[in-house]
$ cat structure14.cif   # mmCIF, C-alpha atoms
data_input
loop_
_atom_site.label_atom_id
_atom_site.label_comp_id
_atom_site.auth_asym_id
_atom_site.auth_seq_id
_atom_site.Cartn_x
_atom_site.Cartn_y
_atom_site.Cartn_z
CA MET F 1 168.71 106.13 -84.56
CA PHE F 2 172.07 105.82 -82.87
CA GLY F 3 174.23 108.47 -81.32
CA LEU F 4 177.37 108.48 -79.27
CA ILE F 5 178.56 110.78 -76.51
CA ARG F 6 182.22 110.46 -75.61
CA ARG F 7 183.36 112.79 -72.84
CA SER F 8 186.87 111.50 -72.29
CA LYS F 9 189.62 109.62 -74.03
CA PRO F 10 190.69 106.46 -72.16
CA THR F 11 193.96 106.59 -70.26
CA ARG F 12 194.03 102.77 -70.39
CA GLN F 13 192.05 100.52 -72.66
CA ARG F 14 189.41 98.69 -70.67
CA SER F 15 188.82 95.17 -71.86
CA LEU F 16 187.46 91.69 -71.25
CA PRO F 17 189.58 88.56 -70.91
CA PRO F 18 190.35 86.74 -74.18
CA GLY F 19 187.46 84.60 -75.38
CA GLU F 20 184.84 86.58 -73.39
CA ARG F 21 181.94 88.51 -74.90
CA VAL F 22 179.30 90.43 -72.92
CA TYR F 23 175.94 91.81 -74.03
CA ALA F 24 174.64 94.40 -71.54
CA VAL F 25 170.96 95.28 -72.05
CA GLY F 26 169.39 98.51 -70.84
CA ASP F 27 166.05 99.16 -69.14
CA VAL F 28 163.21 97.18 -70.74
CA HIS F 29 160.24 98.63 -68.81
CA GLY F 30 157.57 96.30 -70.08
CA ARG F 31 158.50 96.51 -73.79
CA ALA F 32 158.37 92.81 -74.65
CA ASP F 33 157.84 93.78 -78.29
CA LEU F 34 161.38 95.20 -78.32
CA LEU F 35 162.97 92.68 -75.97
CA ARG F 36 162.10 89.50 -77.87
CA PRO F 37 163.69 90.61 -81.18
CA LEU F 38 166.74 91.90 -79.33
CA LEU F 39 167.15 88.59 -77.50
CA ALA F 40 166.91 86.74 -80.82
CA ALA F 41 169.56 89.05 -82.28
CA ILE F 42 171.84 88.41 -79.30
CA VAL F 43 171.51 84.64 -79.70
CA GLU F 44 172.32 84.92 -83.41
CA SER F 45 175.23 87.28 -82.76
CA ALA F 46 176.69 84.97 -80.10
CA ARG F 47 176.94 81.96 -82.43
CA GLY F 48 180.58 80.95 -82.59
CA ALA F 49 181.61 83.23 -79.73
CA GLY F 50 183.75 81.77 -76.98
CA ARG F 51 182.14 82.49 -73.64
CA ALA F 52 179.15 84.82 -74.07
CA THR F 53 177.32 86.42 -71.15
CA ALA F 54 174.16 88.52 -71.23
CA VAL F 55 173.89 91.04 -68.40
CA PHE F 56 170.47 92.61 -67.93
CA LEU F 57 170.73 95.91 -66.09
CA GLY F 58 167.32 95.92 -64.39
CA ASP F 59 163.98 97.73 -64.55
CA TYR F 60 162.19 94.97 -66.41
CA VAL F 61 158.74 96.14 -65.28
CA ASP F 62 156.52 99.25 -65.12
CA ARG F 63 155.52 101.90 -67.66
CA GLY F 64 155.29 99.56 -70.65
CA ARG F 65 152.25 97.32 -71.05
CA ASP F 66 153.83 93.85 -71.07
CA SER F 67 155.83 93.36 -67.88
CA ARG F 68 154.59 89.81 -67.44
CA ASP F 69 155.64 88.85 -70.96
CA VAL F 70 159.05 90.47 -70.39
CA ILE F 71 159.73 88.16 -67.45
CA ASP F 72 158.56 85.14 -69.44
CA ALA F 73 160.93 86.12 -72.26
CA LEU F 74 163.87 86.53 -69.88
CA LEU F 75 163.21 83.19 -68.20
CA ASP F 76 163.00 81.48 -71.60
CA PHE F 77 166.25 83.16 -72.65
CA HIS F 78 167.96 81.99 -69.46
CA ALA F 79 166.79 78.42 -70.03
CA HIS F 80 167.36 78.05 -73.77
CA SER F 81 169.76 80.67 -75.18
CA GLY F 82 172.99 78.88 -74.30
CA LEU F 83 174.46 82.11 -72.93
CA GLN F 84 175.47 82.78 -69.36
CA THR F 85 172.98 85.20 -67.81
CA ARG F 86 173.20 87.79 -65.05
CA PHE F 87 170.04 89.61 -64.03
CA LEU F 88 170.49 92.81 -62.00
CA ARG F 89 167.94 94.56 -59.79
CA GLY F 90 166.65 97.98 -60.77
CA ASN F 91 164.78 100.41 -58.56
CA HIS F 92 161.46 99.49 -60.20
CA ASP F 93 162.07 95.78 -59.60
CA ASP F 94 162.97 96.56 -55.99
CA THR F 95 159.74 98.52 -55.54
CA LEU F 96 157.75 95.55 -56.84
CA LEU F 97 159.38 93.37 -54.18
CA ARG F 98 158.66 95.92 -51.48
CA PHE F 99 155.01 96.03 -52.53
CA LEU F 100 154.79 92.26 -52.16
CA GLU F 101 155.78 92.72 -48.51
CA ASP F 102 153.88 95.93 -47.75
CA ALA F 103 150.74 97.10 -49.56
CA ARG F 104 151.39 100.67 -48.38
CA VAL F 105 154.03 100.91 -51.12
CA GLY F 106 151.25 100.75 -53.73
CA PRO F 107 150.27 104.44 -54.02
CA THR F 108 153.92 105.42 -54.54
CA TRP F 109 154.57 102.59 -56.99
CA ILE F 110 151.75 103.58 -59.34
CA ASP F 111 153.16 107.11 -59.57
CA TYR F 112 155.95 105.79 -61.77
CA GLY F 113 154.52 102.90 -63.71
CA GLY F 114 153.34 100.27 -61.27
CA ALA F 115 149.77 100.40 -62.55
CA GLU F 116 150.86 98.96 -65.89
CA THR F 117 152.61 96.09 -64.12
CA LEU F 118 149.55 95.30 -62.00
CA GLU F 119 147.41 95.35 -65.13
CA SER F 120 149.76 93.00 -66.98
CA TYR F 121 149.35 90.44 -64.19
CA GLY F 122 145.59 90.95 -63.97
CA ALA F 123 145.63 92.46 -60.47
CA PRO F 124 142.82 94.98 -59.76
CA MET F 125 143.66 98.61 -59.10
CA PRO F 126 142.03 100.13 -56.00
CA ALA F 127 139.23 102.56 -56.79
CA THR F 128 140.81 105.22 -54.58
CA ARG F 129 144.45 105.93 -53.92
CA HIS F 130 144.33 105.77 -50.12
CA ASP F 131 142.05 102.76 -49.51
CA ALA F 132 144.35 100.61 -47.37
CA ASP F 133 142.08 97.57 -47.43
CA ALA F 134 141.77 97.71 -51.21
CA TRP F 135 145.55 97.94 -51.58
CA GLU F 136 145.96 94.88 -49.39
CA ASP F 137 143.52 93.03 -51.65
CA THR F 138 145.52 94.15 -54.68
CA ARG F 139 148.77 93.02 -53.07
CA ARG F 140 147.32 89.60 -52.30
CA VAL F 141 145.95 89.08 -55.82
CA PHE F 142 149.18 90.33 -57.39
CA ALA F 143 151.24 87.91 -55.29
CA GLU F 144 149.01 85.04 -56.40
CA ARG F 145 149.14 85.96 -60.08
CA LEU F 146 152.85 86.67 -60.03
CA GLY F 147 153.39 83.01 -59.20
CA ALA F 148 156.36 81.22 -57.69
CA ARG F 149 158.52 81.24 -60.84
CA HIS F 150 158.28 84.98 -61.46
CA ARG F 151 158.64 85.79 -57.77
CA ALA F 152 161.80 83.69 -57.59
CA PHE F 153 163.15 85.63 -60.58
CA PHE F 154 162.71 88.97 -58.80
CA GLU F 155 164.01 87.69 -55.47
CA GLY F 156 167.13 86.30 -57.17
CA LEU F 157 168.18 89.55 -58.87
CA GLU F 158 171.75 90.68 -58.18
CA LEU F 159 172.78 94.21 -57.23
CA SER F 160 175.94 94.22 -59.34
CA CYS F 161 178.49 92.05 -61.10
CA GLU F 162 181.98 92.40 -62.53
CA ILE F 163 183.48 90.93 -65.68
CA GLY F 164 186.98 91.91 -66.72
CA ASP F 165 187.44 95.68 -66.56
CA TYR F 166 183.69 96.34 -66.36
CA PHE F 167 181.40 96.80 -63.35
CA PHE F 168 177.68 96.38 -64.02
CA ALA F 169 174.97 98.01 -61.89
CA HIS F 170 171.51 99.35 -62.59
CA ALA F 171 172.00 103.02 -61.70
CA GLY F 172 175.74 103.55 -61.29
CA ALA F 173 178.06 104.05 -58.35
CA ARG F 174 178.87 106.77 -55.83
CA PRO F 175 182.08 108.66 -56.61
CA GLY F 176 184.78 108.34 -53.97
CA VAL F 177 183.48 104.98 -52.75
CA PRO F 178 185.22 101.75 -53.82
CA LEU F 179 183.04 99.61 -56.07
CA GLU F 180 183.06 96.77 -53.55
CA ALA F 181 181.70 99.14 -50.86
CA GLN F 182 178.75 100.58 -52.81
CA THR F 183 175.37 100.50 -51.06
CA ALA F 184 172.28 98.82 -52.48
CA GLN F 185 170.54 102.19 -52.46
CA ASP F 186 173.17 103.78 -54.69
CA LEU F 187 173.49 100.81 -57.02
CA MET F 188 169.75 100.96 -57.73
CA TRP F 189 168.92 104.66 -57.35
CA ILE F 190 171.88 107.02 -57.73
CA ARG F 191 171.64 109.54 -60.53
CA SER F 192 173.14 113.05 -60.62
CA GLU F 193 175.98 112.40 -58.17
CA PHE F 194 177.17 109.58 -60.42
CA LEU F 195 176.48 111.20 -63.77
CA LYS F 196 178.02 114.55 -62.86
CA GLY F 197 180.81 113.23 -60.65
CA ARG F 198 184.41 113.43 -61.75
CA GLY F 199 185.91 110.55 -59.81
CA GLY F 200 186.32 107.21 -61.53
CA TRP F 201 187.37 103.69 -60.69
CA ASP F 202 189.70 101.08 -62.12
CA LYS F 203 186.71 99.62 -63.98
CA THR F 204 184.19 101.17 -66.36
CA VAL F 205 180.68 101.28 -64.88
CA VAL F 206 178.01 99.91 -67.23
CA HIS F 207 174.51 101.06 -66.23
CA GLY F 208 170.96 101.97 -67.17
CA HIS F 209 168.44 103.89 -65.00
CA THR F 210 168.85 107.34 -66.58
CA PRO F 211 167.26 107.62 -70.04
CA GLU F 212 169.44 109.41 -72.57
CA GLU F 213 168.92 110.14 -76.24
CA ALA F 214 171.89 108.02 -77.21
CA ALA F 215 174.13 105.43 -75.67
CA VAL F 216 177.03 106.94 -73.72
CA LEU F 217 180.45 105.31 -74.04
CA THR F 218 183.36 106.77 -72.09
CA GLU F 219 186.17 105.37 -70.01
CA ARG F 220 184.25 106.17 -66.82
CA ARG F 221 180.80 104.89 -67.77
CA ILE F 222 178.70 103.21 -70.42
CA GLY F 223 175.01 104.15 -70.26
CA VAL F 224 172.53 102.11 -72.30
CA ASP F 225 169.12 103.30 -71.12
CA THR F 226 167.65 104.85 -74.23
CA GLY F 227 164.12 105.14 -72.79
CA ALA F 228 162.64 102.08 -74.50
CA TYR F 229 159.16 102.48 -73.01
CA ASP F 230 158.85 105.97 -74.55
CA THR F 231 161.22 106.05 -77.53
CA GLY F 232 160.74 102.54 -78.89
CA ARG F 233 164.53 101.98 -78.76
CA LEU F 234 166.00 99.21 -76.61
CA THR F 235 169.80 99.20 -76.55
CA ALA F 236 172.52 96.69 -75.73
CA VAL F 237 176.26 97.28 -75.71
CA VAL F 238 178.45 94.42 -76.89
CA LEU F 239 181.85 94.18 -75.19
CA GLU F 240 184.63 91.96 -76.50
CA GLY F 241 188.33 92.43 -75.80
CA ALA F 242 188.77 96.22 -75.98
CA ASP F 243 185.99 96.50 -78.58
CA ARG F 244 182.60 98.12 -77.92
CA ARG F 245 179.66 98.03 -80.30
CA LEU F 246 175.89 98.45 -80.14
CA LEU F 247 172.77 96.42 -80.88
CA GLN F 248 169.40 98.11 -80.78
CA ALA F 249 165.79 97.03 -81.31
CA VAL F 250 163.89 99.91 -82.91
CA ALA F 251 160.11 100.13 -83.27
CA ALA F 252 159.04 102.06 -86.36
CA GLN F 253 156.00 101.98 -88.62
CA GLY F 254 154.43 99.06 -86.82
CA ARG F 255 157.43 96.75 -86.85
CA VAL F 256 160.68 96.22 -84.94
CA GLU F 257 164.05 96.28 -86.68
CA ILE F 258 167.49 95.41 -85.34
CA GLU F 259 170.23 97.93 -85.95
CA GLY F 260 173.91 97.61 -85.12
CA ARG F 261 176.91 99.90 -84.94
CA THR F 262 180.46 98.59 -84.98
CA SER F 263 183.31 100.12 -83.00
CA SER F 264 184.73 101.75 -86.15
CA GLN F 265 181.36 103.33 -86.94
CA LEU F 266 181.13 104.60 -83.37
CA GLU F 267 184.57 106.14 -83.62
CA ALA F 268 183.58 107.82 -86.89
CA SER F 269 180.39 109.14 -85.29
CA ASP F 270 182.42 110.41 -82.36
CA ALA F 271 184.78 112.26 -84.67
CA LEU F 272 181.84 114.15 -86.17
CA ASN F 273 180.49 115.28 -82.76
#

$ encode --input "structure14.cif" --output "C-alpha cells"
Amino acid sequence: MFGLIRRSKPTRQRSLPPGERVYAVGDVHGRADLLRPLLAAIVESARGAGRATAVFLGDYVDRGRDSRDVIDALLDFHAHSGLQTRFLRGNHDDTLLRFLEDARVGPTWIDYGGAETLESYGAPMPATRHDADAWEDTRRVFAERLGARHRAFFEGLELSCEIGDYFFAHAGARPGVPLEAQTAQDLMWIRSEFLKGRGGWDKTVVHGHTPEEAAVLTERRIGVDTGAYDTGRLTAVVLEGADRRLLQAVAAQGRVEIEGRTSSQLEASDALN
C-alpha cells in the first residue's frame, strides 16, 4: 500500500528539536471511517513520547460522506488525546466558510464536493443550481445545523505553522517567496508552481492538497495527501529528530487496518525505485 518518491538527497538533515515528535495528517475529506482508527493509532504511538504534536493539514470536509463526524472526531481528539494539536485551513474548509457568508458560493462549492458536506449536516440542496433564494435557504439551514462548536473550529483554523526544520501548510508555498511572506491564497491553493518549482527554503514544507499515489518525502517537501476519499488510504508522516516514518489507515475488504513504515523500510524502498 505504501510507496516512496525521493527526488533529492538532503544537503542538510532536517530535524525536530530533541524530545519533539510530530504527526502530520493528510487530507481527510469526510472519511471518518479512516480518521478515527488513525487517531487511535496516533494516540497509542505517542505513549511515552516527550512532546507530541498532531498537525492536521486541512480539507476535513467535502467529497466523503461523513464530514460532520470528521469534525466531531477532531474535536474529541483535541480535548482528550493528550497531544498538542494544530489544525490548518485547506481550500475546501475555506470555501465552507465563504459559503457561510455568501450563499452565491454554493453552486461552485458543490462542483467539488460541497454537496456531501451539506448532506452530512442535513442541509437541503436547492432543486436547481441557480435558484438564489433556495441557496440562501440552504445557507441559513447549514449555518444552524453546523452549530457554534463546529463553526468555531473552522473559524479558528490556522494557515500555517512551523516546528523545528518543518513548515506545515495545506497546499505548499510559492517558490522565491520567504515562508513568512506567503499569501493565504498560496498556502491553501497553490499546486503546480510549488510542485514543479526548483527553489527551496531552509525548512521542509509538509503539505497535502495534491493527491498522489504514494507519500512524497524529499528535502524540499513532504506530501501526505494520498486521496483518502477515493483510495481508502489516509496517511500521516511521523517526524522525530531527523527520522521520518509513515502511519496509514487503509480500508480493504470492509475493514480498516493500520499500516506503518519505519525510516529504514522507507530507505530500502527508495533504494529499489

$ resolve_selection --input "structure14.cif" --expression "the PyMOL selection byres ((chain F and resi 229-240) around 7)" --output "PyMOL selection string"
chain F and resi 16+20-26+28-29+31+34+63-64+224-228+241-251

$ resolve_selection --input "structure14.cif" --expression "the PyMOL selection byres ((chain F and resi 42) around 10)" --output "short mmCIF file (atom, residue, chain, number, x, y, z; two decimals) with C-alpha atoms, in the frame of the given file"
data_model
loop_
_atom_site.label_atom_id
_atom_site.label_comp_id
_atom_site.auth_asym_id
_atom_site.auth_seq_id
_atom_site.Cartn_x
_atom_site.Cartn_y
_atom_site.Cartn_z
CA TYR F 23 175.94 91.81 -74.03
CA ARG F 36 162.10 89.50 -77.87
CA PRO F 37 163.69 90.61 -81.18
CA LEU F 38 166.74 91.90 -79.33
CA LEU F 39 167.15 88.59 -77.50
CA ALA F 40 166.91 86.74 -80.82
CA ALA F 41 169.56 89.05 -82.28
CA VAL F 43 171.51 84.64 -79.70
CA GLU F 44 172.32 84.92 -83.41
CA SER F 45 175.23 87.28 -82.76
CA ALA F 46 176.69 84.97 -80.10
CA ARG F 47 176.94 81.96 -82.43
CA ALA F 52 179.15 84.82 -74.07
CA ALA F 54 174.16 88.52 -71.23
CA SER F 81 169.76 80.67 -75.18
CA LEU F 83 174.46 82.11 -72.93
CA ALA F 236 172.52 96.69 -75.73
CA VAL F 238 178.45 94.42 -76.89
CA LEU F 247 172.77 96.42 -80.88
#

$ atom_distance --input "structure14.cif" --atom1 "CA of Asp93 in chain F" --atom2 "CA of Asp59 in chain F"
5.7 Å

$ atom_distance --input "structure14.cif" --atom1 "CA of Arg129 in chain F" --atom2 "CA of Ala103 in chain F"
11.7 Å

$ atom_distance --input "structure14.cif" --atom1 "CA of Val256 in chain F" --atom2 "CA of Gly30 in chain F"
15.2 Å

$ residues_around --input "structure14.cif" --residues "Leu75 in chain F" --least-positions-apart "4" --cutoff "9 Å" --atoms "only C-alpha atoms" --output "JSON, numbers by chain"
{"F": [70, 71, 79, 80, 149, 150, 153]}

$ resolve_selection --input "structure14.cif" --expression "the PyMOL selection byres ((chain F and resi 107) around 10)" --output "number ranges by chain"
F: 99, 103-106, 108-112, 114-115, 126, 128-132, 135

$ residues_near_point --input "structure14.cif" --point "(163.1, 97.5, -61.2)" --cutoff "7 Å" --atoms "all atoms listed in the file" --output "mmCIF file with C-alpha atoms, in the frame of the given file"
data_model
loop_
_atom_site.group_PDB
_atom_site.id
_atom_site.type_symbol
_atom_site.label_atom_id
_atom_site.label_comp_id
_atom_site.auth_asym_id
_atom_site.auth_seq_id
_atom_site.Cartn_x
_atom_site.Cartn_y
_atom_site.Cartn_z
ATOM 1 C CA GLY F 58 167.320 95.920 -64.390
ATOM 2 C CA ASP F 59 163.980 97.730 -64.550
ATOM 3 C CA TYR F 60 162.190 94.970 -66.410
ATOM 4 C CA VAL F 61 158.740 96.140 -65.280
ATOM 5 C CA ARG F 89 167.940 94.560 -59.790
ATOM 6 C CA GLY F 90 166.650 97.980 -60.770
ATOM 7 C CA ASN F 91 164.780 100.410 -58.560
ATOM 8 C CA HIS F 92 161.460 99.490 -60.200
ATOM 9 C CA ASP F 93 162.070 95.780 -59.600
ATOM 10 C CA ASP F 94 162.970 96.560 -55.990
ATOM 11 C CA THR F 95 159.740 98.520 -55.540
#

$ residues_around --input "structure14.cif" --residues "Val177 in chain F" --least-positions-apart "6" --cutoff "12 Å" --atoms "all atoms listed in the file" --output "list in words"
Thr183, Asp186, Leu187, Glu193, Phe194, Gly197, Gly199, Gly200, Trp201 and Asp202 of chain F

$ closest_residue --input "structure14.cif" --among "F:Ser67, F:Gln84, F:Ser15, F:Thr117" --to "Arg51 in chain F" --atoms "all atoms listed in the file"
F:Gln84

$ closest_residue --input "structure14.cif" --among "F:Ala152, F:Leu96, F:Val216, F:Ile222" --to "Gly172 in chain F" --atoms "all atoms listed in the file"
F:Ile222

$ closest_residue --input "structure14.cif" --among "F:Ala134, F:Ala32, F:Ala73, F:Gly82" --to "Gly48 in chain F" --atoms "all atoms listed in the file"
F:Gly82

$ closest_residue --input "structure14.cif" --among "F:Glu213, F:Asp27, F:Glu219, F:Asp102" --to "Arg140 in chain F" --atoms "only C-alpha atoms"
F:Asp102

$ axis_aligned_box --input "structure14.cif" --around "range 53-70 of chain F" --padding-each-side "3 Å" --output "JSON"
{"center_x": 164.8, "center_y": 94.2, "center_z": -67.8, "size_x": 31.1, "size_y": 21.5, "size_z": 12.8}

$ decode --input "structure14.cif" --residues "range 112-129 of chain F" --atoms "N, CA and C atoms" --output "mmCIF file, in the first residue's frame"
data_model
loop_
_atom_site.group_PDB
_atom_site.id
_atom_site.type_symbol
_atom_site.label_atom_id
_atom_site.label_comp_id
_atom_site.auth_asym_id
_atom_site.auth_seq_id
_atom_site.Cartn_x
_atom_site.Cartn_y
_atom_site.Cartn_z
ATOM 1 N N TYR F 112 -17.117 20.600 -6.353
ATOM 2 C CA TYR F 112 -16.008 19.776 -5.877
ATOM 3 C C TYR F 112 -16.233 19.269 -4.459
ATOM 4 N N GLY F 113 -17.452 18.790 -4.222
ATOM 5 C CA GLY F 113 -17.686 18.008 -3.013
ATOM 6 C C GLY F 113 -18.543 18.620 -1.941
ATOM 7 N N GLY F 114 -18.982 19.870 -2.130
ATOM 8 C CA GLY F 114 -19.768 20.520 -1.095
ATOM 9 C C GLY F 114 -21.111 19.863 -0.825
ATOM 10 N N ALA F 115 -21.673 19.212 -1.835
ATOM 11 C CA ALA F 115 -22.977 18.578 -1.656
ATOM 12 C C ALA F 115 -22.927 17.507 -0.561
ATOM 13 N N GLU F 116 -21.833 16.755 -0.513
ATOM 14 C CA GLU F 116 -21.696 15.726 0.509
ATOM 15 C C GLU F 116 -21.608 16.340 1.905
ATOM 16 N N THR F 117 -20.965 17.506 2.011
ATOM 17 C CA THR F 117 -20.897 18.173 3.310
ATOM 18 C C THR F 117 -22.266 18.669 3.738
ATOM 19 N N LEU F 118 -22.998 19.301 2.831
ATOM 20 C CA LEU F 118 -24.348 19.760 3.154
ATOM 21 C C LEU F 118 -25.217 18.592 3.597
ATOM 22 N N GLU F 119 -25.109 17.478 2.890
ATOM 23 C CA GLU F 119 -25.905 16.305 3.245
ATOM 24 C C GLU F 119 -25.539 15.784 4.632
ATOM 25 N N SER F 120 -24.249 15.803 4.969
ATOM 26 C CA SER F 120 -23.835 15.266 6.266
ATOM 27 C C SER F 120 -24.382 16.096 7.417
ATOM 28 N N TYR F 121 -24.623 17.378 7.179
ATOM 29 C CA TYR F 121 -25.211 18.250 8.198
ATOM 30 C C TYR F 121 -26.731 18.370 8.075
ATOM 31 N N GLY F 122 -27.316 17.656 7.128
ATOM 32 C CA GLY F 122 -28.767 17.675 6.975
ATOM 33 C C GLY F 122 -29.319 18.946 6.377
ATOM 34 N N ALA F 123 -28.508 19.666 5.587
ATOM 35 C CA ALA F 123 -28.973 20.889 4.928
ATOM 36 C C ALA F 123 -29.494 20.535 3.536
ATOM 37 N N PRO F 124 -30.658 21.074 3.141
ATOM 38 C CA PRO F 124 -31.262 20.697 1.856
ATOM 39 C C PRO F 124 -30.510 21.296 0.674
ATOM 40 N N MET F 125 -30.370 20.511 -0.382
ATOM 41 C CA MET F 125 -29.796 21.010 -1.625
ATOM 42 C C MET F 125 -30.875 21.713 -2.438
ATOM 43 N N PRO F 126 -30.577 22.865 -3.037
ATOM 44 C CA PRO F 126 -31.550 23.505 -3.919
ATOM 45 C C PRO F 126 -31.920 22.601 -5.094
ATOM 46 N N ALA F 127 -33.159 22.715 -5.538
ATOM 47 C CA ALA F 127 -33.615 21.880 -6.647
ATOM 48 C C ALA F 127 -32.926 22.245 -7.953
ATOM 49 N N THR F 128 -32.587 23.525 -8.116
ATOM 50 C CA THR F 128 -31.885 23.971 -9.311
ATOM 51 C C THR F 128 -30.634 24.735 -8.913
ATOM 52 N N ARG F 129 -29.646 24.664 -9.756
ATOM 53 C CA ARG F 129 -28.328 25.206 -9.449
ATOM 54 C C ARG F 129 -28.337 26.716 -9.233
#
